[in-house]
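Structure data follow from entry-v2.cif (mmCIF, C-alpha atoms):
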data_run
#
loop_
_atom_site.group_PDB
_atom_site.id
_atom_site.type_symbol
_atom_site.label_atom_id
_atom_site.label_comp_id
_atom_site.auth_asym_id
_atom_site.auth_seq_id
_atom_site.Cartn_x
_atom_site.Cartn_y
_atom_site.Cartn_z
ATOM 1 C CA MET F 1 -246.494 -95.622 86.081
ATOM 2 C CA SER F 2 -248.123 -98.996 85.462
ATOM 3 C CA ASN F 3 -249.746 -97.711 82.226
ATOM 4 C CA GLN F 4 -246.336 -96.679 80.852
ATOM 5 C CA TYR F 5 -244.942 -100.151 81.478
ATOM 6 C CA ASP F 6 -248.047 -101.745 79.937
ATOM 7 C CA ILE F 7 -247.647 -99.584 76.824
ATOM 8 C CA VAL F 8 -243.953 -100.508 76.608
ATOM 9 C CA LYS F 9 -244.827 -104.213 77.004
ATOM 10 C CA VAL F 10 -247.509 -104.049 74.310
ATOM 11 C CA PHE F 11 -245.215 -102.121 71.988
ATOM 12 C CA SER F 12 -242.428 -104.655 72.620
ATOM 13 C CA VAL F 13 -244.748 -107.574 71.867
ATOM 14 C CA ILE F 14 -245.945 -105.928 68.633
ATOM 15 C CA CYS F 15 -242.345 -105.222 67.544
ATOM 16 C CA ALA F 16 -241.274 -108.756 68.399
ATOM 17 C CA ALA F 17 -244.206 -110.233 66.479
ATOM 18 C CA PHE F 18 -243.414 -108.064 63.458
ATOM 19 C CA PHE F 19 -239.714 -108.960 63.634
ATOM 20 C CA LEU F 20 -240.386 -112.684 63.951
ATOM 21 C CA THR F 21 -242.857 -112.628 61.086
ATOM 22 C CA ALA F 22 -240.333 -110.826 58.878
ATOM 23 C CA CYS F 23 -237.655 -113.358 59.815
ATOM 24 C CA GLN F 24 -239.890 -116.307 59.060
ATOM 25 C CA THR F 25 -240.469 -115.140 55.508
ATOM 26 C CA THR F 26 -236.722 -114.820 54.914
ATOM 27 C CA ASP F 27 -235.940 -118.104 56.676
ATOM 28 C CA ASN F 28 -237.431 -120.082 53.785
ATOM 29 C CA ILE F 29 -234.027 -120.350 52.173
ATOM 30 C CA ASP F 30 -234.284 -121.047 48.477
ATOM 31 C CA HIS F 31 -230.958 -119.483 47.599
ATOM 32 C CA ILE F 32 -227.613 -121.221 47.381
ATOM 33 C CA GLU F 33 -224.482 -119.270 48.193
ATOM 34 C CA ALA F 34 -220.806 -120.206 48.023
ATOM 35 C CA ARG F 35 -217.639 -118.352 49.016
ATOM 36 C CA PHE F 36 -214.386 -119.301 47.302
ATOM 37 C CA ASP F 37 -210.987 -118.070 48.539
ATOM 38 C CA GLY F 38 -208.624 -120.270 46.539
ATOM 39 C CA GLU F 39 -208.239 -122.860 49.282
ATOM 40 C CA PHE F 40 -211.800 -123.456 50.416
ATOM 41 C CA CYS F 41 -215.260 -123.307 48.944
ATOM 42 C CA VAL F 42 -217.883 -122.866 51.650
ATOM 43 C CA VAL F 43 -221.491 -123.464 50.591
ATOM 44 C CA THR F 44 -224.617 -122.298 52.394
ATOM 45 C CA SER F 45 -227.658 -124.130 51.128
ATOM 46 C CA PRO F 46 -230.837 -125.755 52.335
ATOM 47 C CA ALA F 47 -230.568 -129.539 52.679
ATOM 48 C CA GLU F 48 -233.769 -130.085 50.687
ATOM 49 C CA LEU F 49 -235.774 -128.165 48.123
ATOM 50 C CA PRO F 50 -238.818 -128.978 46.000
ATOM 51 C CA PRO F 51 -238.306 -129.021 42.220
ATOM 52 C CA GLY F 52 -238.110 -125.561 40.696
ATOM 53 C CA ASP F 53 -235.943 -122.693 39.521
ATOM 54 C CA TYR F 54 -233.331 -121.412 41.984
ATOM 55 C CA GLU F 55 -230.581 -118.833 42.123
ATOM 56 C CA ALA F 56 -227.065 -119.555 43.296
ATOM 57 C CA THR F 57 -224.419 -116.948 44.088
ATOM 58 C CA LEU F 58 -220.691 -117.540 44.115
ATOM 59 C CA ILE F 59 -218.463 -114.951 45.755
ATOM 60 C CA ASP F 60 -214.933 -115.477 44.444
ATOM 61 C CA THR F 61 -212.208 -113.523 46.264
ATOM 62 C CA THR F 62 -209.446 -114.802 43.937
ATOM 63 C CA ASP F 63 -208.383 -114.115 40.379
ATOM 64 C CA LEU F 64 -208.970 -117.787 39.463
ATOM 65 C CA ARG F 65 -212.473 -117.161 38.025
ATOM 66 C CA ALA F 66 -214.168 -119.997 39.893
ATOM 67 C CA GLU F 67 -217.664 -121.139 38.929
ATOM 68 C CA LEU F 68 -220.440 -122.789 40.906
ATOM 69 C CA TRP F 69 -221.965 -125.916 39.375
ATOM 70 C CA ILE F 70 -224.772 -128.202 40.450
ATOM 71 C CA PHE F 71 -224.780 -131.845 39.395
ATOM 72 C CA TYR F 72 -227.479 -134.500 39.508
ATOM 73 C CA LEU F 73 -226.378 -137.955 40.742
ATOM 74 C CA GLU F 74 -227.792 -141.164 39.353
ATOM 75 C CA ASP F 75 -229.916 -143.078 41.886
ATOM 76 C CA GLY F 76 -227.770 -145.132 44.233
ATOM 77 C CA TYR F 77 -224.864 -142.644 44.326
ATOM 78 C CA THR F 78 -224.164 -140.033 47.010
ATOM 79 C CA ILE F 79 -221.849 -137.126 47.659
ATOM 80 C CA GLN F 80 -219.524 -139.600 49.390
ATOM 81 C CA ASP F 81 -219.114 -141.516 46.113
ATOM 82 C CA HIS F 82 -218.273 -138.215 44.445
ATOM 83 C CA LEU F 83 -215.759 -137.370 47.194
ATOM 84 C CA ASP F 84 -214.180 -140.844 47.059
ATOM 85 C CA GLY F 85 -212.968 -140.146 43.517
ATOM 86 C CA GLN F 86 -210.954 -137.155 44.657
ATOM 87 C CA SER F 87 -207.593 -137.464 46.448
ATOM 88 C CA GLU F 88 -208.039 -134.120 48.270
ATOM 89 C CA PRO F 89 -210.163 -130.971 47.993
ATOM 90 C CA GLY F 90 -209.254 -128.886 44.981
ATOM 91 C CA VAL F 91 -207.704 -131.736 43.002
ATOM 92 C CA TRP F 92 -209.338 -132.093 39.593
ATOM 93 C CA TYR F 93 -210.615 -135.395 38.269
ATOM 94 C CA PRO F 94 -212.939 -136.111 35.331
ATOM 95 C CA LYS F 95 -216.685 -136.224 35.926
ATOM 96 C CA PRO F 96 -217.872 -139.792 36.580
ATOM 97 C CA SER F 97 -220.435 -141.277 34.169
ATOM 98 C CA TRP F 98 -223.121 -141.306 36.910
ATOM 99 C CA ILE F 99 -223.058 -137.524 37.379
ATOM 100 C CA TYR F 100 -225.054 -135.223 35.094
ATOM 101 C CA TYR F 101 -225.021 -131.449 34.744
ATOM 102 C CA ASP F 102 -228.146 -129.760 36.019
ATOM 103 C CA LYS F 103 -229.834 -127.194 33.767
ATOM 104 C CA ARG F 104 -228.174 -123.794 34.098
ATOM 105 C CA ILE F 105 -230.641 -121.179 32.855
ATOM 106 C CA SER F 106 -228.480 -118.069 33.082
ATOM 107 C CA LYS F 107 -225.239 -116.671 34.457
ATOM 108 C CA VAL F 108 -224.355 -113.067 35.321
ATOM 109 C CA ALA F 109 -221.040 -111.989 36.829
ATOM 110 C CA ARG F 110 -219.940 -108.644 38.218
ATOM 111 C CA GLU F 111 -216.930 -107.274 40.091
ATOM 112 C CA SER F 112 -217.343 -105.559 43.445
ATOM 113 C CA SER F 113 -214.679 -104.525 45.969
ATOM 114 C CA GLY F 114 -212.118 -107.053 44.773
ATOM 115 C CA GLU F 115 -214.644 -109.881 44.605
ATOM 116 C CA ARG F 116 -216.174 -111.518 41.571
ATOM 117 C CA ILE F 117 -219.844 -112.216 42.226
ATOM 118 C CA GLU F 118 -221.483 -114.713 39.902
ATOM 119 C CA THR F 119 -225.212 -115.352 40.048
ATOM 120 C CA THR F 120 -226.559 -118.352 38.190
ATOM 121 C CA SER F 121 -230.111 -119.565 37.766
ATOM 122 C CA TRP F 122 -230.757 -123.300 37.804
ATOM 123 C CA LYS F 123 -233.716 -125.495 36.888
ATOM 124 C CA LEU F 124 -233.591 -128.253 39.496
ATOM 125 C CA ASP F 125 -236.423 -130.541 38.452
ATOM 126 C CA ARG F 126 -234.953 -134.034 38.909
ATOM 127 C CA LEU F 127 -235.810 -135.644 42.234
ATOM 128 C CA GLY F 128 -232.853 -137.051 44.136
ATOM 129 C CA GLU F 129 -229.372 -136.039 45.234
ATOM 130 C CA HIS F 130 -227.505 -133.155 43.650
ATOM 131 C CA ASN F 131 -223.974 -131.955 44.486
ATOM 132 C CA ILE F 132 -222.894 -128.335 44.643
ATOM 133 C CA VAL F 133 -219.294 -127.790 43.565
ATOM 134 C CA CYS F 134 -216.840 -124.978 42.995
ATOM 135 C CA TRP F 135 -214.854 -125.441 39.800
ATOM 136 C CA VAL F 136 -211.866 -123.535 38.476
ATOM 137 C CA PRO F 137 -211.379 -123.969 34.705
ATOM 138 C CA ASN F 138 -207.702 -122.954 34.438
ATOM 139 C CA PRO F 139 -205.868 -124.625 36.024
ATOM 140 C CA GLN F 140 -208.621 -127.181 36.542
ATOM 141 C CA MET F 141 -209.518 -127.532 40.221
ATOM 142 C CA LEU F 142 -212.624 -128.905 41.919
ATOM 143 C CA TRP F 143 -214.164 -128.567 45.376
ATOM 144 C CA ILE F 144 -217.102 -130.933 46.019
ATOM 145 C CA GLU F 145 -218.923 -129.106 48.765
ATOM 146 C CA ALA F 146 -222.539 -129.870 49.516
ATOM 147 C CA ALA F 147 -225.331 -132.330 48.873
ATOM 148 C CA LEU F 148 -228.768 -130.977 48.046
ATOM 149 C CA MET F 149 -231.835 -133.220 47.877
ATOM 150 C CA ILE F 150 -234.595 -132.269 45.473
ATOM 151 C CA VAL F 151 -237.720 -133.773 46.980
ATOM 152 C CA LYS F 152 -241.357 -133.831 45.984
ATOM 153 C CA ALA F 153 -243.209 -130.898 47.521
ATOM 154 C CA PRO F 154 -245.643 -131.929 50.256
ATOM 155 C CA SER F 155 -249.308 -131.943 49.218
ATOM 156 C CA ASP F 156 -251.305 -128.934 50.334
#
Would you mind writing the file's structure down as structure tokens?
Amino acid sequence: MSNQYDIVKVFSVICAAFFLTACQTTDNIDHIEARFDGEFCVVTSPAELPPGDYEATLIDTTDLRAELWIFYLEDGYTIQDHLDGQSEPGVWYPKPSWIYYDKRISKVARESSGERIETTSWKLDRLGEHNIVCWVPNPQMLWIEAALMIVKAPSD
């Protein structure tokens, strides 16, 4: 009976090790995702990333045709400065002079089960703070949702 339990323990340890290893490789989040429902834009993103090319997915459950944008902020400005210019979430206001569009490489959108799923590729190569926003072009609406720091990759 002891051998059976030992085999089960060993098998359990091997499965756990395999599972944890698989999770660790997927835990290195380098993908940005946002969900937009017309009232809220909820962004899931790492807090920091090294410079590079990244994908972002926006899942839009409305017929408003929202888009996800990433902006670079001039040194000395933060997401709070960006938020301070807005009276409430969703209210449009013109882009301040200290905010710059990041480089969007590509955009692909598809419809699936009543959702519009837009995947964009971004070149995020400027060090510093970036803001992730959901934007609706018509009527113009804006949700400033998350700060993302692009930081120098640690030396190997």
Checklist entry - Out of F:Gln140, F:Thr78, F:Ser155, F:Ser87, which residue has the shortest atom-to-atom distance to F:Gly128 when counting only C-alpha atoms? => result F:Thr78
Checklist entry - Leaving out F:Gly38 and any residue of its chain fewer than 5 positions from it, which residues lie within 10 Å of it when counting only C-alpha atoms, given as a list in words? => result Asp60, Thr61, Thr62, Asp63, Leu64, Arg65, Ala66, Gly90, Val136 and Met141 of chain F
Checklist entry - What does the distance from atom CA of F:Phe40 to atom CA of F:Glu67 come to in Å, to one decimal? => result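 Distance between the two atoms: 13.1 Å.
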Run through the PyMOL selection byres ((chain F and resi 147) around 10) on the given coordinates and return the selected residues as an mmCIF file with C-alpha atoms, in the frame of the given file.
data_model
loop_
_atom_site.group_PDB
_atom_site.id
_atom_site.type_symbol
_atom_site.label_atom_id
_atom_site.label_comp_id
_atom_site.auth_asym_id
_atom_site.auth_seq_id
_atom_site.Cartn_x
_atom_site.Cartn_y
_atom_site.Cartn_z
ATOM 1 C CA VAL F 43 -221.491 -123.464 50.591
ATOM 2 C CA SER F 45 -227.658 -124.130 51.128
ATOM 3 C CA PRO F 46 -230.837 -125.755 52.335
ATOM 4 C CA ALA F 47 -230.568 -129.539 52.679
ATOM 5 C CA GLU F 48 -233.769 -130.085 50.687
ATOM 6 C CA ILE F 70 -224.772 -128.202 40.450
ATOM 7 C CA PHE F 71 -224.780 -131.845 39.395
ATOM 8 C CA TYR F 72 -227.479 -134.500 39.508
ATOM 9 C CA LEU F 73 -226.378 -137.955 40.742
ATOM 10 C CA THR F 78 -224.164 -140.033 47.010
ATOM 11 C CA ILE F 79 -221.849 -137.126 47.659
ATOM 12 C CA GLN F 80 -219.524 -139.600 49.390
ATOM 13 C CA GLU F 129 -229.372 -136.039 45.234
ATOM 14 C CA HIS F 130 -227.505 -133.155 43.650
ATOM 15 C CA ASN F 131 -223.974 -131.955 44.486
ATOM 16 C CA ILE F 132 -222.894 -128.335 44.643
ATOM 17 C CA VAL F 133 -219.294 -127.790 43.565
ATOM 18 C CA ILE F 144 -217.102 -130.933 46.019
ATOM 19 C CA GLU F 145 -218.923 -129.106 48.765
ATOM 20 C CA ALA F 146 -222.539 -129.870 49.516
ATOM 21 C CA LEU F 148 -228.768 -130.977 48.046
ATOM 22 C CA MET F 149 -231.835 -133.220 47.877
ATOM 23 C CA ILE F 150 -234.595 -132.269 45.473
#
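Considering all atoms listed in the file, the residue among F:Trp69, F:Cys134, F:Gly114, F:Tyr77 positioned nearest to F:Val42 is F:Cys134.
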Next on the checklist: My list of candidates is F:Phe36, F:Ala56, F:Val91, F:Trp98. Which is closest to F:Gly76 when distances are computed with only C-alpha atoms?
Outcome noted: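 With only C-alpha atoms as the atom set, the closest residue is F:Trp98.
Shortest separation to F:Cys41 among F:Ala153, F:Leu68, F:Val108, F:Ile99 occurs at residue F:Leu68, atoms counted being all atoms listed in the file.
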Checklist entry - Between F:Trp92, F:Glu74, F:Thr120, F:Thr57, which one has atoms that come closest to F:Asn138, using all atoms listed in the file? => result F:Trp92
Next on the checklist: For a cutoff of 9 Å around the file-coordinate point (-243.1, -130.9, 49.9), which residues qualify once you count all atoms listed in the file? I'd like the result as a PyMOL selection string.
Outcome noted: chain F and resi 49-50+151-156
Checklist outcome for this item: Closest of F:Pro96, F:Asp75, F:Ile32, F:Arg110 to F:Arg126, counting all atoms listed in the file, is F:Asp75
Some atoms are absent from stretch 38-49 of chain F, so rebuild all heavy atoms and return them as an mmCIF file, keeping the file's coordinate frame.
data_model
loop_
_atom_site.group_PDB
_atom_site.id
_atom_site.type_symbol
_atom_site.label_atom_id
_atom_site.label_comp_id
_atom_site.auth_asym_id
_atom_site.auth_seq_id
_atom_site.Cartn_x
_atom_site.Cartn_y
_atom_site.Cartn_z
ATOM 1 N N GLY F 38 -209.804 -119.662 47.123
ATOM 2 C CA GLY F 38 -208.624 -120.270 46.539
ATOM 3 C C GLY F 38 -208.182 -121.533 47.249
ATOM 4 O O GLY F 38 -207.513 -122.380 46.674
ATOM 5 N N GLU F 39 -208.547 -121.652 48.509
ATOM 6 C CA GLU F 39 -208.239 -122.860 49.282
ATOM 7 C C GLU F 39 -209.493 -123.614 49.675
ATOM 8 O O GLU F 39 -209.487 -124.832 49.776
ATOM 9 C CB GLU F 39 -207.463 -122.490 50.544
ATOM 10 C CG GLU F 39 -206.050 -122.029 50.285
ATOM 11 C CD GLU F 39 -205.295 -121.835 51.578
ATOM 12 O OE1 GLU F 39 -205.315 -122.757 52.424
ATOM 13 O OE2 GLU F 39 -204.704 -120.756 51.737
ATOM 14 N N PHE F 40 -210.550 -122.860 49.947
ATOM 15 C CA PHE F 40 -211.800 -123.456 50.416
ATOM 16 C C PHE F 40 -212.969 -122.892 49.627
ATOM 17 O O PHE F 40 -212.945 -121.754 49.188
ATOM 18 C CB PHE F 40 -212.031 -123.158 51.905
ATOM 19 C CG PHE F 40 -210.961 -123.696 52.793
ATOM 20 C CD1 PHE F 40 -209.955 -122.869 53.267
ATOM 21 C CD2 PHE F 40 -210.942 -125.036 53.146
ATOM 22 C CE1 PHE F 40 -208.958 -123.355 54.083
ATOM 23 C CE2 PHE F 40 -209.947 -125.539 53.967
ATOM 24 C CZ PHE F 40 -208.946 -124.696 54.435
ATOM 25 N N CYS F 41 -213.982 -123.724 49.501
ATOM 26 C CA CYS F 41 -215.260 -123.307 48.944
ATOM 27 C C CYS F 41 -216.291 -123.658 50.010
ATOM 28 O O CYS F 41 -216.486 -124.827 50.328
ATOM 29 C CB CYS F 41 -215.547 -124.048 47.644
ATOM 30 S SG CYS F 41 -217.130 -123.600 46.920
ATOM 31 N N VAL F 42 -216.913 -122.645 50.585
ATOM 32 C CA VAL F 42 -217.883 -122.866 51.650
ATOM 33 C C VAL F 42 -219.276 -122.571 51.102
ATOM 34 O O VAL F 42 -219.542 -121.464 50.634
ATOM 35 C CB VAL F 42 -217.575 -121.965 52.871
ATOM 36 C CG1 VAL F 42 -218.611 -122.167 53.956
ATOM 37 C CG2 VAL F 42 -216.169 -122.236 53.386
ATOM 38 N N VAL F 43 -220.146 -123.575 51.164
ATOM 39 C CA VAL F 43 -221.491 -123.464 50.591
ATOM 40 C C VAL F 43 -222.527 -123.359 51.700
ATOM 41 O O VAL F 43 -222.488 -124.110 52.669
ATOM 42 C CB VAL F 43 -221.806 -124.687 49.693
ATOM 43 C CG1 VAL F 43 -223.250 -124.659 49.218
ATOM 44 C CG2 VAL F 43 -220.862 -124.738 48.513
ATOM 45 N N THR F 44 -223.446 -122.414 51.535
ATOM 46 C CA THR F 44 -224.617 -122.298 52.394
ATOM 47 C C THR F 44 -225.814 -122.638 51.517
ATOM 48 O O THR F 44 -226.032 -121.997 50.489
ATOM 49 C CB THR F 44 -224.768 -120.867 52.948
ATOM 50 O OG1 THR F 44 -223.572 -120.527 53.634
ATOM 51 C CG2 THR F 44 -225.957 -120.761 53.877
ATOM 52 N N SER F 45 -226.556 -123.647 51.946
ATOM 53 C CA SER F 45 -227.658 -124.130 51.128
ATOM 54 C C SER F 45 -228.647 -124.869 52.013
ATOM 55 O O SER F 45 -228.253 -125.461 53.017
ATOM 56 C CB SER F 45 -227.099 -125.085 50.067
ATOM 57 O OG SER F 45 -228.118 -125.810 49.454
ATOM 58 N N PRO F 46 -229.915 -124.875 51.627
ATOM 59 C CA PRO F 46 -230.837 -125.755 52.335
ATOM 60 C C PRO F 46 -230.461 -127.203 52.038
ATOM 61 O O PRO F 46 -229.809 -127.488 51.025
ATOM 62 C CB PRO F 46 -232.200 -125.399 51.745
ATOM 63 C CG PRO F 46 -231.896 -124.776 50.426
ATOM 64 C CD PRO F 46 -230.553 -124.139 50.546
ATOM 65 N N ALA F 47 -230.841 -128.115 52.902
ATOM 66 C CA ALA F 47 -230.568 -129.539 52.679
ATOM 67 C C ALA F 47 -231.526 -130.121 51.644
ATOM 68 O O ALA F 47 -231.161 -131.028 50.901
ATOM 69 C CB ALA F 47 -230.684 -130.309 53.992
ATOM 70 N N GLU F 48 -232.741 -129.583 51.609
ATOM 71 C CA GLU F 48 -233.769 -130.085 50.687
ATOM 72 C C GLU F 48 -234.529 -128.925 50.067
ATOM 73 O O GLU F 48 -234.746 -127.902 50.716
ATOM 74 C CB GLU F 48 -234.782 -130.960 51.433
ATOM 75 C CG GLU F 48 -234.234 -132.229 51.993
ATOM 76 C CD GLU F 48 -235.297 -133.079 52.677
ATOM 77 O OE1 GLU F 48 -236.430 -132.580 52.900
ATOM 78 O OE2 GLU F 48 -234.997 -134.233 52.982
ATOM 79 N N LEU F 49 -234.927 -129.126 48.832
ATOM 80 C CA LEU F 49 -235.774 -128.165 48.123
ATOM 81 C C LEU F 49 -236.745 -128.930 47.234
ATOM 82 O O LEU F 49 -236.410 -130.010 46.745
ATOM 83 C CB LEU F 49 -234.935 -127.250 47.223
ATOM 84 C CG LEU F 49 -234.088 -126.177 47.881
ATOM 85 C CD1 LEU F 49 -233.163 -125.532 46.850
ATOM 86 C CD2 LEU F 49 -234.963 -125.128 48.536
#
